[in-house]
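J.: My structure is below; once you've seen it, I'll send some questions.
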Amino acid sequence: MLSIKNIQANVEGKEILKGINLEVKAGEVHAIMGPNGSGKSTLANVLTGNKSYEVTGGEVLFDGKNLLELDTETRAREGMFLAFQYPVEIPGISNATFLKTALNEIRKYKGEAELTPKQFLEKIKEKAKILGLDETLISRYVNVGFSGGEKKRNEIFQMLMLEPKFVLLDETDSGLDIDALRIVSDGVNIYKNGKNAFLVITHYQRLLNYIQPDFVHVLYKGRIIKSGGKELALELEEKGYDWIKTEEVETENT
Amino acid sequence: MTGKEFYIENFNTFQKKLNGQSKSFLNEIRKEAMNRLTELDFPTNRNEEWKYTNVSPILKQNFIPAVNTTIPKFTKEEIKKFLFNDFDCHLLVFVNGFFSEELSKISLLPKGVIVGSLKKILKENPELISGYVSKISKIDNAFNALNTAYALDGLVVIVPDGIALEKPIQVLYLNTSENELVLSLPRNLIVAGKNSQVSVIANYNGYGEKVYFSNIITEVFADENSIVDLCKVQNENENSYHIEKVQAQQKKNSLFNHYNVTFGGAIVRNDINSLLDGENTETHYYGLYMANGKQHVDNHTFIDHAKPNCMSNELYKGILDDNSRGVFNGKIIVRQDAQKTNAYQQNKTILLSKSATIDTKPQLEIFADDVKCSHGATVGHLDETSEFYIRSRGVPQELAKSMLIRAFANDVIETIKIEPLKEQINHMIFDHLHRIEIENK
Ligand SMILES: Nc1ncnc2c1ncn2[C@@H]1O[C@H](COP(=O)(O)OP(=O)(O)O)[C@@H](O)[C@H]1O
Ligand SMILES: [Mg+2]
């Protein structure tokens with residue numbers, strides 16, 4: 001579904017991603033782990049087309065389409081979704097307006113009819129229930145006055161509403177207590193099916209107890225330095241990142 | 001002969017046309033105003049109050065006072081598209097400043113309430129208004145003198161003590177130049193008696209593309225315990241000039257809400273003044289200005305805290321695109337007597353292009369010591385992080401921008417109490433944005 005080939009990217013002239021390769025197939029969950037500052041969010045921003053991040057090399061294919069040629073909104077309509085590490089507060093725009101506009105733009109792109117107000121409301125109710133969200137949230141301004149946990153939950157709510165094919169979760173677990181973490185993970189697990197795929201970015205193993213990854217990759221200084229199965233996450237939890245870093249240095253020396 | 005000389009020269013011809021009205025109390029006021037006009041010069045940039053607004057394009061052309069032109073006829077069908085609808089209201093229509101009985105529709109009014117035209121009241125009950133006209137508002141500049149000298153018609157609303165007028169009054173001012181360049185001079189008066197309530201929507205519109213000049217004075221008298229809402233939505237044509245002075249006088253415990261939404265006009269100047277002439281009054285000024293092309297929009301507000309325990313609150317927001325220019329000057333005087341004053345003022349502007357500019361200035365003069373005053377001005381651009389967030393959900397860039405602009409305007413618009421009016425103004429904001437098509441600049 002998503003094929004990342006040797007992606008390199010700069011932020012403010014500084015090279016952050018130094019050649020990332022990754023293959024994600026439908027039905028798979030990949031986790032990307034790595035210490036702070038290693039480039040995880042940069043990868044998420046590159047994949048969603050944030051103009052502040054300059055791609056200097058490489059290619060990304062999304063269901064065969066050249067992803068990097070599409071603008072941000074077209075990627076979203078093709079099914080790319082990012083649950084932001086820092087969701088944005090937008091005073092003056094209600095969640096209802098925000099979601100209705102997004103949903104209808106996506107539907108229009110796919111040649112589907114706009115939802116009637118009734119259909120929209122029913123959908124809201126159904127998805128809010130999954131996450132135990134208060135429906136009155138829908139009339140509040142996007143993320144304004146939300147706690148950190150509520151913002152993260154709202155990201156997952158948007159995911160359930162927009163039904164993307166490919167979901168990037170950027171540190172969705174940070175700022176969540178155990179209960180909220182369970183709710184958010186349940187939301188993801190309910191949504192997960194054989195046709196969609198996830199890239200879960202985190203620097204704790206904790207989230208991966210709830211969302212089971214098929215593959216775990218370690219991103220360090222702009223490179224994936226190790227990949228493995230879910231046992232790699234446990235190993236990292238136990239031993240930290242240092243042993244891989246050393247391994248990396250050793251391989252570089254030989 | 002241009003500008004001032006032209007208007008002075010024509011005054012005698014104008015006076016002769018008045019015949020029947022020459023005995024009206026207003027005629028003395030008119031002559032005085034003409035004397036003032038001979039003394040005064042039209043403001044230039046050397047004048048501190050007009051530092052950023054160059055009115056010389058207005059003075060280069062001779063506008064004919066509408067009374068000396070043929071007032072065009074419109075049908076009810078033709079004016080429909082200019083009206084705010086979906087709510088029950090009294091409707092008054094003025095074409096080039098003159099009342100049109102056929103186009104207006106005033107429903108049954110409580111006893112003693114007057115909603116009508118200045119011209120008619122002057123003929124029938126001049127004593128009802130002689131205590132107010134030109135008493136509330138003094139002549140500050142040549143434009144005010146010009147209006148006072150030549151104005152013959154305008155809105156008059158008088159609500160006697162103890163009456164709350166249920167339906168709002170919608171006033172459509174439709175202006176247009178056909179064969180001559182028209183000077184439209186509405187002279188408005190709103191008087192709210194003790195314990196009364198009234199809401200007026202002043203809806204200014206232009207017909208056609210030709211240049212004309214609207215030069216308006218609106219006087220508002222809010223007696224004790226009254227509530228007055230005055231909502232101005234200005235959508236004149238893009239070549240026209242629009243100057244208005246609003247002068248309010250508030251007696252104790254009164255509440256005055258002024259809304260000022262600007263879309264149209266090539267050169268626009270609003271002076272919105274309130275004299276807080278009684279204790280415990282409350283005043284709210286909400287402003288929204290959207291400009292593009294070469295539009296120039298100048299809002300000068302002035303709140304005169306003359307008595308203790310009064311509260312004033314101002315929020316003006318601007319959205320400026322292309323080469324447009326905004327000016328905001330917010331003057332607040334707290335007189336020595338006016339202890340326990342609360343005065344707040346905020347001006348926020350978003351610049352959508354590199355060449356749009358705003359000059360914003362608070363002007364606080366505080367002579368009392370027990371006072372809470374705050375003011376702030378911000379100038380910025382649309383937030384790119386928010387734009388990216390919205391786009392990342394599938395919303396195209398242009399729509400994302402207009403959503404953010406709408407959101408920016410929201411805290412002004414949401415204060416409008418008439419729900420359908422609010423909705424329609426929101427639509428106008430969207431329409432306006434689509435017309436200017438925000439590109440990636
Ligand atoms: N918007 C930005 N502006 C400037 N520097 C940035 C920006 N985003 C990321 N960086 C820099 O890029 C590097 C990688 O950051 P990031 O991708 O956020 O890492 P991670 O998500 O793995 O913690 C860091 O050194 C960070 O300072
Ligand atoms: Mg990050």
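Each chain of the structure tokens is named A, B, ... in the order shown, its residues numbered from 1; ligands are numbered from 1 in display order.
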Looking only at helix (DSSP H, G or I) from DSSP on the backbone, list the matching residues of region 53-224 of chain A as a PyMOL selection string.
T.: chain A and resi 67-69+72-77+95-109+117-130+135-139+148-162+178-191+206-209
J.: Which residues, written as a PDB file with all heavy atoms, in the first residue's frame, have at least one atom at most 10 Å from Tyr210 (chain A), with only C-alpha atoms counted and residues fewer than 5 positions away on the same chain left out?
T.:
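Below is the file that was written, selection-v5.pdb:
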ATOM      1  N   LEU A 181      -5.589   5.617  27.249  1.00  0.00           N
ATOM      2  CA  LEU A 181      -4.770   4.835  26.330  1.00  0.00           C
ATOM      3  C   LEU A 181      -5.550   3.616  25.834  1.00  0.00           C
ATOM      4  O   LEU A 181      -5.535   3.289  24.643  1.00  0.00           O
ATOM      5  CB  LEU A 181      -3.493   4.391  27.050  1.00  0.00           C
ATOM      6  CG  LEU A 181      -2.453   3.673  26.203  1.00  0.00           C
ATOM      7  CD1 LEU A 181      -1.911   4.587  25.121  1.00  0.00           C
ATOM      8  CD2 LEU A 181      -1.303   3.173  27.088  1.00  0.00           C
ATOM      9  N   ARG A 182      -6.275   3.011  26.758  1.00  0.00           N
ATOM     10  CA  ARG A 182      -7.049   1.820  26.398  1.00  0.00           C
ATOM     11  C   ARG A 182      -8.180   2.200  25.423  1.00  0.00           C
ATOM     12  O   ARG A 182      -8.396   1.523  24.417  1.00  0.00           O
ATOM     13  CB  ARG A 182      -7.625   1.178  27.669  1.00  0.00           C
ATOM     14  CG  ARG A 182      -8.172  -0.218  27.440  1.00  0.00           C
ATOM     15  CD  ARG A 182      -8.541  -0.914  28.734  1.00  0.00           C
ATOM     16  NE  ARG A 182      -7.388  -1.239  29.555  1.00  0.00           N
ATOM     17  CZ  ARG A 182      -7.269  -0.941  30.855  1.00  0.00           C
ATOM     18  NH1 ARG A 182      -8.245  -0.296  31.475  1.00  0.00           N
ATOM     19  NH2 ARG A 182      -6.193  -1.291  31.533  1.00  0.00           N
ATOM     20  N   ILE A 183      -8.837   3.317  25.720  1.00  0.00           N
ATOM     21  CA  ILE A 183      -9.945   3.761  24.856  1.00  0.00           C
ATOM     22  C   ILE A 183      -9.461   4.069  23.441  1.00  0.00           C
ATOM     23  O   ILE A 183     -10.038   3.626  22.447  1.00  0.00           O
ATOM     24  CB  ILE A 183     -10.633   5.015  25.457  1.00  0.00           C
ATOM     25  CG1 ILE A 183     -11.355   4.635  26.745  1.00  0.00           C
ATOM     26  CG2 ILE A 183     -11.612   5.628  24.468  1.00  0.00           C
ATOM     27  CD1 ILE A 183     -11.826   5.820  27.558  1.00  0.00           C
ATOM     28  N   VAL A 184      -8.350   4.811  23.397  1.00  0.00           N
ATOM     29  CA  VAL A 184      -7.795   5.186  22.098  1.00  0.00           C
ATOM     30  C   VAL A 184      -7.380   3.934  21.320  1.00  0.00           C
ATOM     31  O   VAL A 184      -7.671   3.786  20.130  1.00  0.00           O
ATOM     32  CB  VAL A 184      -6.609   6.153  22.293  1.00  0.00           C
ATOM     33  CG1 VAL A 184      -5.728   6.196  21.070  1.00  0.00           C
ATOM     34  CG2 VAL A 184      -7.127   7.551  22.626  1.00  0.00           C
ATOM     35  N   SER A 185      -6.722   3.004  22.007  1.00  0.00           N
ATOM     36  CA  SER A 185      -6.282   1.777  21.337  1.00  0.00           C
ATOM     37  C   SER A 185      -7.465   0.954  20.868  1.00  0.00           C
ATOM     38  O   SER A 185      -7.439   0.386  19.765  1.00  0.00           O
ATOM     39  CB  SER A 185      -5.435   0.921  22.286  1.00  0.00           C
ATOM     40  OG  SER A 185      -4.478   1.723  22.916  1.00  0.00           O
ATOM     41  N   ASP A 186      -8.524   0.906  21.688  1.00  0.00           N
ATOM     42  CA  ASP A 186      -9.731   0.193  21.276  1.00  0.00           C
ATOM     43  C   ASP A 186     -10.277   0.785  19.986  1.00  0.00           C
ATOM     44  O   ASP A 186     -10.664   0.054  19.078  1.00  0.00           O
ATOM     45  CB  ASP A 186     -10.814   0.285  22.365  1.00  0.00           C
ATOM     46  CG  ASP A 186     -10.516  -0.669  23.508  1.00  0.00           C
ATOM     47  OD1 ASP A 186      -9.568  -1.481  23.355  1.00  0.00           O
ATOM     48  OD2 ASP A 186     -11.203  -0.580  24.546  1.00  0.00           O
ATOM     49  N   VAL A 188      -8.648   2.312  17.678  1.00  0.00           N
ATOM     50  CA  VAL A 188      -7.784   1.899  16.574  1.00  0.00           C
ATOM     51  C   VAL A 188      -8.044   0.439  16.211  1.00  0.00           C
ATOM     52  O   VAL A 188      -8.191   0.092  15.034  1.00  0.00           O
ATOM     53  CB  VAL A 188      -6.300   2.111  16.944  1.00  0.00           C
ATOM     54  CG1 VAL A 188      -5.386   1.450  15.924  1.00  0.00           C
ATOM     55  CG2 VAL A 188      -6.001   3.603  17.075  1.00  0.00           C
ATOM     56  N   ASN A 189      -8.140  -0.418  17.219  1.00  0.00           N
ATOM     57  CA  ASN A 189      -8.315  -1.849  16.954  1.00  0.00           C
ATOM     58  C   ASN A 189      -9.658  -2.154  16.299  1.00  0.00           C
ATOM     59  O   ASN A 189      -9.761  -3.056  15.475  1.00  0.00           O
ATOM     60  CB  ASN A 189      -8.141  -2.648  18.247  1.00  0.00           C
ATOM     61  CG  ASN A 189      -6.679  -2.652  18.674  1.00  0.00           C
ATOM     62  OD1 ASN A 189      -5.768  -2.638  17.826  1.00  0.00           O
ATOM     63  ND2 ASN A 189      -6.431  -2.620  19.978  1.00  0.00           N
ATOM     64  N   GLN A 205       7.233   1.737  24.608  1.00  0.00           N
ATOM     65  CA  GLN A 205       6.728   0.439  24.187  1.00  0.00           C
ATOM     66  C   GLN A 205       5.267   0.283  24.607  1.00  0.00           C
ATOM     67  O   GLN A 205       4.514  -0.464  24.000  1.00  0.00           O
ATOM     68  CB  GLN A 205       7.634  -0.626  24.811  1.00  0.00           C
ATOM     69  CG  GLN A 205       7.391  -2.030  24.350  1.00  0.00           C
ATOM     70  CD  GLN A 205       6.333  -2.689  25.199  1.00  0.00           C
ATOM     71  OE1 GLN A 205       6.100  -2.288  26.344  1.00  0.00           O
ATOM     72  NE2 GLN A 205       5.675  -3.703  24.628  1.00  0.00           N
TER      73      GLN A 205
END
J.: What residues of the protein or nucleic acid chains come within 12 Å of ligand 2 when you use only C-alpha atoms and all ligand atoms? Reply as an MDAnalysis selection string.
T.: chainID A and resid 32:45 83:86 168:174 200:203 219
J.: Write down, as a PDB file with N, CA, C and O atoms, in the first residue's frame, each residue of chain A that has any atom within 9 Å of an atom of chain B, counting only C-alpha atoms.
T.:
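Ended up saving to result.pdb:
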ATOM      1  N   THR A  48       2.580  13.580   4.763  1.00  0.00           N
ATOM      2  CA  THR A  48       1.321  14.316   4.619  1.00  0.00           C
ATOM      3  C   THR A  48       1.496  15.620   3.845  1.00  0.00           C
ATOM      4  O   THR A  48       0.549  16.365   3.656  1.00  0.00           O
ATOM      5  N   GLY A  49       2.726  15.887   3.413  1.00  0.00           N
ATOM      6  CA  GLY A  49       2.922  17.020   2.507  1.00  0.00           C
ATOM      7  C   GLY A  49       3.022  18.375   3.184  1.00  0.00           C
ATOM      8  O   GLY A  49       2.620  19.390   2.618  1.00  0.00           O
ATOM      9  N   ASN A  50       3.573  18.420   4.387  1.00  0.00           N
ATOM     10  CA  ASN A  50       3.798  19.713   5.041  1.00  0.00           C
ATOM     11  C   ASN A  50       4.944  20.449   4.347  1.00  0.00           C
ATOM     12  O   ASN A  50       6.064  19.955   4.256  1.00  0.00           O
ATOM     13  N   LYS A  51       4.632  21.660   3.863  1.00  0.00           N
ATOM     14  CA  LYS A  51       5.580  22.422   3.047  1.00  0.00           C
ATOM     15  C   LYS A  51       6.837  22.869   3.796  1.00  0.00           C
ATOM     16  O   LYS A  51       7.840  23.216   3.180  1.00  0.00           O
ATOM     17  N   ASP A  71      -0.830  17.295  -3.457  1.00  0.00           N
ATOM     18  CA  ASP A  71      -0.839  18.241  -2.343  1.00  0.00           C
ATOM     19  C   ASP A  71      -1.491  17.589  -1.123  1.00  0.00           C
ATOM     20  O   ASP A  71      -2.070  16.499  -1.201  1.00  0.00           O
ATOM     21  N   THR A  72      -1.349  18.266  -0.012  1.00  0.00           N
ATOM     22  CA  THR A  72      -1.794  17.714   1.268  1.00  0.00           C
ATOM     23  C   THR A  72      -3.241  17.216   1.225  1.00  0.00           C
ATOM     24  O   THR A  72      -3.544  16.101   1.648  1.00  0.00           O
ATOM     25  N   GLU A  73      -4.138  18.070   0.684  1.00  0.00           N
ATOM     26  CA  GLU A  73      -5.557  17.697   0.719  1.00  0.00           C
ATOM     27  C   GLU A  73      -5.856  16.500  -0.179  1.00  0.00           C
ATOM     28  O   GLU A  73      -6.695  15.664   0.156  1.00  0.00           O
ATOM     29  N   THR A  74      -5.127  16.402  -1.300  1.00  0.00           N
ATOM     30  CA  THR A  74      -5.369  15.261  -2.188  1.00  0.00           C
ATOM     31  C   THR A  74      -4.880  13.966  -1.525  1.00  0.00           C
ATOM     32  O   THR A  74      -5.524  12.922  -1.633  1.00  0.00           O
ATOM     33  N   ARG A  75      -3.764  14.044  -0.831  1.00  0.00           N
ATOM     34  CA  ARG A  75      -3.293  12.861  -0.095  1.00  0.00           C
ATOM     35  C   ARG A  75      -4.357  12.405   0.888  1.00  0.00           C
ATOM     36  O   ARG A  75      -4.647  11.212   1.023  1.00  0.00           O
ATOM     37  N   ALA A  76      -4.945  13.409   1.602  1.00  0.00           N
ATOM     38  CA  ALA A  76      -5.981  13.069   2.581  1.00  0.00           C
ATOM     39  C   ALA A  76      -7.167  12.407   1.904  1.00  0.00           C
ATOM     40  O   ALA A  76      -7.719  11.430   2.394  1.00  0.00           O
ATOM     41  N   ARG A  77      -7.547  12.947   0.727  1.00  0.00           N
ATOM     42  CA  ARG A  77      -8.713  12.382   0.035  1.00  0.00           C
ATOM     43  C   ARG A  77      -8.408  11.013  -0.543  1.00  0.00           C
ATOM     44  O   ARG A  77      -9.298  10.181  -0.730  1.00  0.00           O
ATOM     45  N   GLU A  78      -7.109  10.764  -0.794  1.00  0.00           N
ATOM     46  CA  GLU A  78      -6.699   9.427  -1.255  1.00  0.00           C
ATOM     47  C   GLU A  78      -6.642   8.453  -0.084  1.00  0.00           C
ATOM     48  O   GLU A  78      -6.425   7.266  -0.272  1.00  0.00           O
ATOM     49  N   GLY A  79      -6.778   8.973   1.142  1.00  0.00           N
ATOM     50  CA  GLY A  79      -6.852   8.065   2.284  1.00  0.00           C
ATOM     51  C   GLY A  79      -5.697   8.141   3.267  1.00  0.00           C
ATOM     52  O   GLY A  79      -5.513   7.251   4.099  1.00  0.00           O
ATOM     53  N   MET A  80      -4.898   9.194   3.189  1.00  0.00           N
ATOM     54  CA  MET A  80      -3.790   9.349   4.136  1.00  0.00           C
ATOM     55  C   MET A  80      -4.271  10.158   5.330  1.00  0.00           C
ATOM     56  O   MET A  80      -4.922  11.187   5.162  1.00  0.00           O
ATOM     57  N   PHE A  81      -3.988   9.682   6.520  1.00  0.00           N
ATOM     58  CA  PHE A  81      -4.441  10.396   7.712  1.00  0.00           C
ATOM     59  C   PHE A  81      -3.343  10.443   8.754  1.00  0.00           C
ATOM     60  O   PHE A  81      -2.713   9.437   9.058  1.00  0.00           O
ATOM     61  N   LEU A  82      -3.131  11.627   9.315  1.00  0.00           N
ATOM     62  CA  LEU A  82      -2.156  11.774  10.402  1.00  0.00           C
ATOM     63  C   LEU A  82      -2.859  12.201  11.676  1.00  0.00           C
ATOM     64  O   LEU A  82      -3.544  13.228  11.706  1.00  0.00           O
ATOM     65  N   PHE A  84      -2.120  13.908  14.747  1.00  0.00           N
ATOM     66  CA  PHE A  84      -1.001  14.796  15.050  1.00  0.00           C
ATOM     67  C   PHE A  84      -0.429  14.581  16.458  1.00  0.00           C
ATOM     68  O   PHE A  84      -1.176  14.304  17.396  1.00  0.00           O
ATOM     69  N   PRO A  87      -2.074  18.259  18.190  1.00  0.00           N
ATOM     70  CA  PRO A  87      -3.274  18.713  17.463  1.00  0.00           C
ATOM     71  C   PRO A  87      -3.471  20.227  17.635  1.00  0.00           C
ATOM     72  O   PRO A  87      -3.171  20.772  18.682  1.00  0.00           O
ATOM     73  N   VAL A  88      -3.974  20.852  16.586  1.00  0.00           N
ATOM     74  CA  VAL A  88      -4.047  22.310  16.546  1.00  0.00           C
ATOM     75  C   VAL A  88      -5.396  22.807  17.072  1.00  0.00           C
ATOM     76  O   VAL A  88      -6.438  22.227  16.768  1.00  0.00           O
ATOM     77  N   GLU A  89      -5.355  23.861  17.842  1.00  0.00           N
ATOM     78  CA  GLU A  89      -6.597  24.485  18.321  1.00  0.00           C
ATOM     79  C   GLU A  89      -7.064  25.517  17.300  1.00  0.00           C
ATOM     80  O   GLU A  89      -6.281  26.338  16.846  1.00  0.00           O
ATOM     81  N   ILE A  90      -8.331  25.455  16.930  1.00  0.00           N
ATOM     82  CA  ILE A  90      -8.846  26.440  15.971  1.00  0.00           C
ATOM     83  C   ILE A  90     -10.074  27.138  16.533  1.00  0.00           C
ATOM     84  O   ILE A  90     -11.210  26.708  16.308  1.00  0.00           O
ATOM     85  N   PRO A  91      -9.875  28.222  17.246  1.00  0.00           N
ATOM     86  CA  PRO A  91     -11.021  28.956  17.768  1.00  0.00           C
ATOM     87  C   PRO A  91     -11.870  29.493  16.624  1.00  0.00           C
ATOM     88  O   PRO A  91     -11.332  29.939  15.610  1.00  0.00           O
ATOM     89  N   GLY A  92     -13.171  29.395  16.757  1.00  0.00           N
ATOM     90  CA  GLY A  92     -14.062  29.947  15.727  1.00  0.00           C
ATOM     91  C   GLY A  92     -14.568  28.905  14.743  1.00  0.00           C
ATOM     92  O   GLY A  92     -15.472  29.180  13.974  1.00  0.00           O
ATOM     93  N   ILE A  93     -13.960  27.698  14.741  1.00  0.00           N
ATOM     94  CA  ILE A  93     -14.493  26.630  13.880  1.00  0.00           C
ATOM     95  C   ILE A  93     -14.935  25.473  14.768  1.00  0.00           C
ATOM     96  O   ILE A  93     -14.131  24.945  15.542  1.00  0.00           O
ATOM     97  N   PHE A  98     -15.958  21.584  10.969  1.00  0.00           N
ATOM     98  CA  PHE A  98     -14.672  21.043  10.552  1.00  0.00           C
ATOM     99  C   PHE A  98     -14.840  19.651   9.937  1.00  0.00           C
ATOM    100  O   PHE A  98     -14.401  19.387   8.811  1.00  0.00           O
ATOM    101  N   LEU A  99     -15.534  18.788  10.658  1.00  0.00           N
ATOM    102  CA  LEU A  99     -15.681  17.406  10.192  1.00  0.00           C
ATOM    103  C   LEU A  99     -16.612  17.294   8.994  1.00  0.00           C
ATOM    104  O   LEU A  99     -16.364  16.511   8.077  1.00  0.00           O
ATOM    105  N   THR A 101     -17.163  19.553   6.724  1.00  0.00           N
ATOM    106  CA  THR A 101     -16.465  20.053   5.543  1.00  0.00           C
ATOM    107  C   THR A 101     -15.483  19.011   5.028  1.00  0.00           C
ATOM    108  O   THR A 101     -15.451  18.691   3.843  1.00  0.00           O
ATOM    109  N   ALA A 102     -14.690  18.450   5.938  1.00  0.00           N
ATOM    110  CA  ALA A 102     -13.681  17.466   5.537  1.00  0.00           C
ATOM    111  C   ALA A 102     -14.336  16.234   4.914  1.00  0.00           C
ATOM    112  O   ALA A 102     -13.966  15.788   3.826  1.00  0.00           O
ATOM    113  N   LEU A 103     -15.339  15.732   5.614  1.00  0.00           N
ATOM    114  CA  LEU A 103     -16.006  14.515   5.161  1.00  0.00           C
ATOM    115  C   LEU A 103     -16.606  14.717   3.770  1.00  0.00           C
ATOM    116  O   LEU A 103     -16.458  13.872   2.881  1.00  0.00           O
ATOM    117  N   ASN A 104     -17.259  15.847   3.585  1.00  0.00           N
ATOM    118  CA  ASN A 104     -17.903  16.089   2.294  1.00  0.00           C
ATOM    119  C   ASN A 104     -16.885  16.329   1.180  1.00  0.00           C
ATOM    120  O   ASN A 104     -17.107  15.935   0.039  1.00  0.00           O
ATOM    121  N   GLU A 105     -15.768  16.947   1.515  1.00  0.00           N
ATOM    122  CA  GLU A 105     -14.712  17.115   0.502  1.00  0.00           C
ATOM    123  C   GLU A 105     -14.168  15.758   0.072  1.00  0.00           C
ATOM    124  O   GLU A 105     -13.930  15.505  -1.106  1.00  0.00           O
ATOM    125  N   ILE A 106     -13.974  14.883   1.031  1.00  0.00           N
ATOM    126  CA  ILE A 106     -13.460  13.548   0.722  1.00  0.00           C
ATOM    127  C   ILE A 106     -14.480  12.772  -0.118  1.00  0.00           C
ATOM    128  O   ILE A 106     -14.146  12.134  -1.111  1.00  0.00           O
ATOM    129  N   GLN A 158     -11.631  11.774  14.685  1.00  0.00           N
ATOM    130  CA  GLN A 158     -11.577  12.233  13.290  1.00  0.00           C
ATOM    131  C   GLN A 158     -11.231  11.079  12.358  1.00  0.00           C
ATOM    132  O   GLN A 158     -11.781  10.956  11.262  1.00  0.00           O
ATOM    133  N   LEU A 162     -13.500   9.971   9.238  1.00  0.00           N
ATOM    134  CA  LEU A 162     -13.036  10.159   7.855  1.00  0.00           C
ATOM    135  C   LEU A 162     -12.673   8.846   7.169  1.00  0.00           C
ATOM    136  O   LEU A 162     -12.518   8.786   5.952  1.00  0.00           O
TER     137      LEU A 162
END
J.: Report the distance between CA of Pro164 (chain A) and CA of Tyr191 (chain A) in Å, rounded to one decimal place.
T.: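 Computing it gives 9.8 Å between the two atoms.
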J.: Would you mind listing what lies within 12 Å of Lys317 (chain B) as a PyMOL selection string, with only C-alpha atoms counted and same-chain residues fewer than 4 positions away left out?
T.: chain B and resi 259-262+285-291+297+299+326-328+345-351+358+360+376-380+405-413
J.: Could you dump the residues just selected with C-alpha atoms as a JSON list (two decimals), in the first residue's frame?
T.:
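Resulting contents of result36.json:
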[["chain", "number", "residue", "atom", "x", "y", "z"],
["B", 259, "TYR", "CA", -21.91, 46.81, 15.04],
["B", 260, "ASN", "CA", -19.95, 48.00, 12.08],
["B", 261, "VAL", "CA", -19.35, 45.60, 9.19],
["B", 262, "THR", "CA", -17.53, 46.93, 6.15],
["B", 285, "TYR", "CA", -18.44, 48.51, 19.65],
["B", 286, "TYR", "CA", -17.95, 45.55, 17.36],
["B", 287, "GLY", "CA", -16.29, 46.08, 14.04],
["B", 288, "LEU", "CA", -15.31, 43.88, 11.12],
["B", 289, "TYR", "CA", -13.70, 45.23, 7.98],
["B", 290, "MET", "CA", -12.80, 43.21, 4.90],
["B", 291, "ALA", "CA", -10.96, 45.00, 2.16],
["B", 297, "VAL", "CA", -11.03, 51.63, 5.27],
["B", 299, "ASN", "CA", -12.40, 53.45, 11.49],
["B", 326, "GLY", "CA", -6.82, 49.79, 6.99],
["B", 327, "VAL", "CA", -6.75, 52.45, 9.66],
["B", 328, "PHE", "CA", -7.95, 52.03, 13.20],
["B", 345, "GLN", "CA", -10.31, 48.04, 23.40],
["B", 346, "GLN", "CA", -8.89, 45.56, 20.92],
["B", 347, "ASN", "CA", -7.96, 45.79, 17.28],
["B", 348, "LYS", "CA", -6.84, 42.68, 15.44],
["B", 349, "THR", "CA", -5.93, 42.54, 11.79],
["B", 350, "ILE", "CA", -4.98, 39.77, 9.43],
["B", 351, "LEU", "CA", -3.03, 40.69, 6.34],
["B", 358, "ILE", "CA", -2.82, 48.65, 8.62],
["B", 360, "THR", "CA", -3.58, 51.03, 14.21],
["B", 376, "GLY", "CA", -4.26, 45.88, 22.46],
["B", 377, "ALA", "CA", -3.53, 45.65, 18.80],
["B", 378, "THR", "CA", -2.27, 42.69, 16.83],
["B", 379, "VAL", "CA", -1.39, 42.35, 13.18],
["B", 380, "GLY", "CA", -0.70, 38.94, 11.72],
["B", 405, "ILE", "CA", -10.83, 33.85, 8.01],
["B", 406, "ARG", "CA", -14.42, 33.13, 8.97],
["B", 407, "ALA", "CA", -13.14, 31.79, 12.27],
["B", 408, "PHE", "CA", -11.13, 34.95, 12.82],
["B", 409, "ALA", "CA", -14.22, 37.08, 12.23],
["B", 410, "ASN", "CA", -16.33, 34.86, 14.43],
["B", 411, "ASP", "CA", -16.02, 36.61, 17.77],
["B", 412, "VAL", "CA", -17.32, 39.79, 16.18],
["B", 413, "ILE", "CA", -20.09, 38.14, 14.16]]
J.: Given the choices B:Ile121, B:Ile418, B:Ile429, B:Leu109, which gets closest to Ser199 (chain B) if the distance is worked out from only C-alpha atoms?
T.: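 Under the stated criterion, the closest residue is B:Ile418.
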J.: Could you tell me how far CA of Gly149 (chain A) lies from CA of Ile178 (chain A), in Å and to one decimal?
T.: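 Interatomic distance, CA of Gly149 (chain A) to CA of Ile178 (chain A): 10.7 Å.
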J.: Please measure the separation of CA of Thr69 (chain B) and CA of Gly116 (chain B), giving the value in Å to one decimal.
T.: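 Separation of CA of Thr69 (chain B) and CA of Gly116 (chain B): 22.4 Å.
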J.: Among the residues of region 12-225 of chain A, find those DSSP assigns to strand (DSSP E) from the backbone and print them as a VMD selection string.
T.: chain A and resid 14 to 24 29 to 33 53 to 62 65 to 66 80 to 83 90 to 94 141 to 142 166 to 170 197 to 202 215 to 220 223 to 225
J.: Which residues come within 7 Å of Gly27 (chain A), counting only C-alpha atoms, excluding same-chain residues fewer than 2 positions away, as a list of chain:residue names?
T.: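 Once the adjacent positions are removed, what remains is A:Lys25, A:Val29, A:Asn193, A:Gly194, A:Lys195, A:Asn196, A:Ala197.
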J.: So that I can see what lies close to region 231-235 of chain B, please list as a ChimeraX atom specification the residues with an atom at most 7 Å from it, counting only C-alpha atoms and leaving out residues fewer than 2 positions away in the same chain.
T.: /B:200-206,229,237,258-264
J.: List the spatial neighbours of region 227-241 of chain A as a list in words - criterion: any atom at most 10 Å away, only C-alpha atoms, same-chain residues fewer than 2 positions off excluded.
T.: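 The filter keeps Leu22, His30, Ala31, Ile32, Met33, Gly34, Pro35, His203, Tyr204, Gln205, Arg206, Leu208, Asn209, Gln212, Pro213, Asp214, Phe215, Val216, His217, Val218, Leu219, Tyr220, Ile224, Ile225, Trp243, Ile244, Lys245 and Thr246 of chain A.
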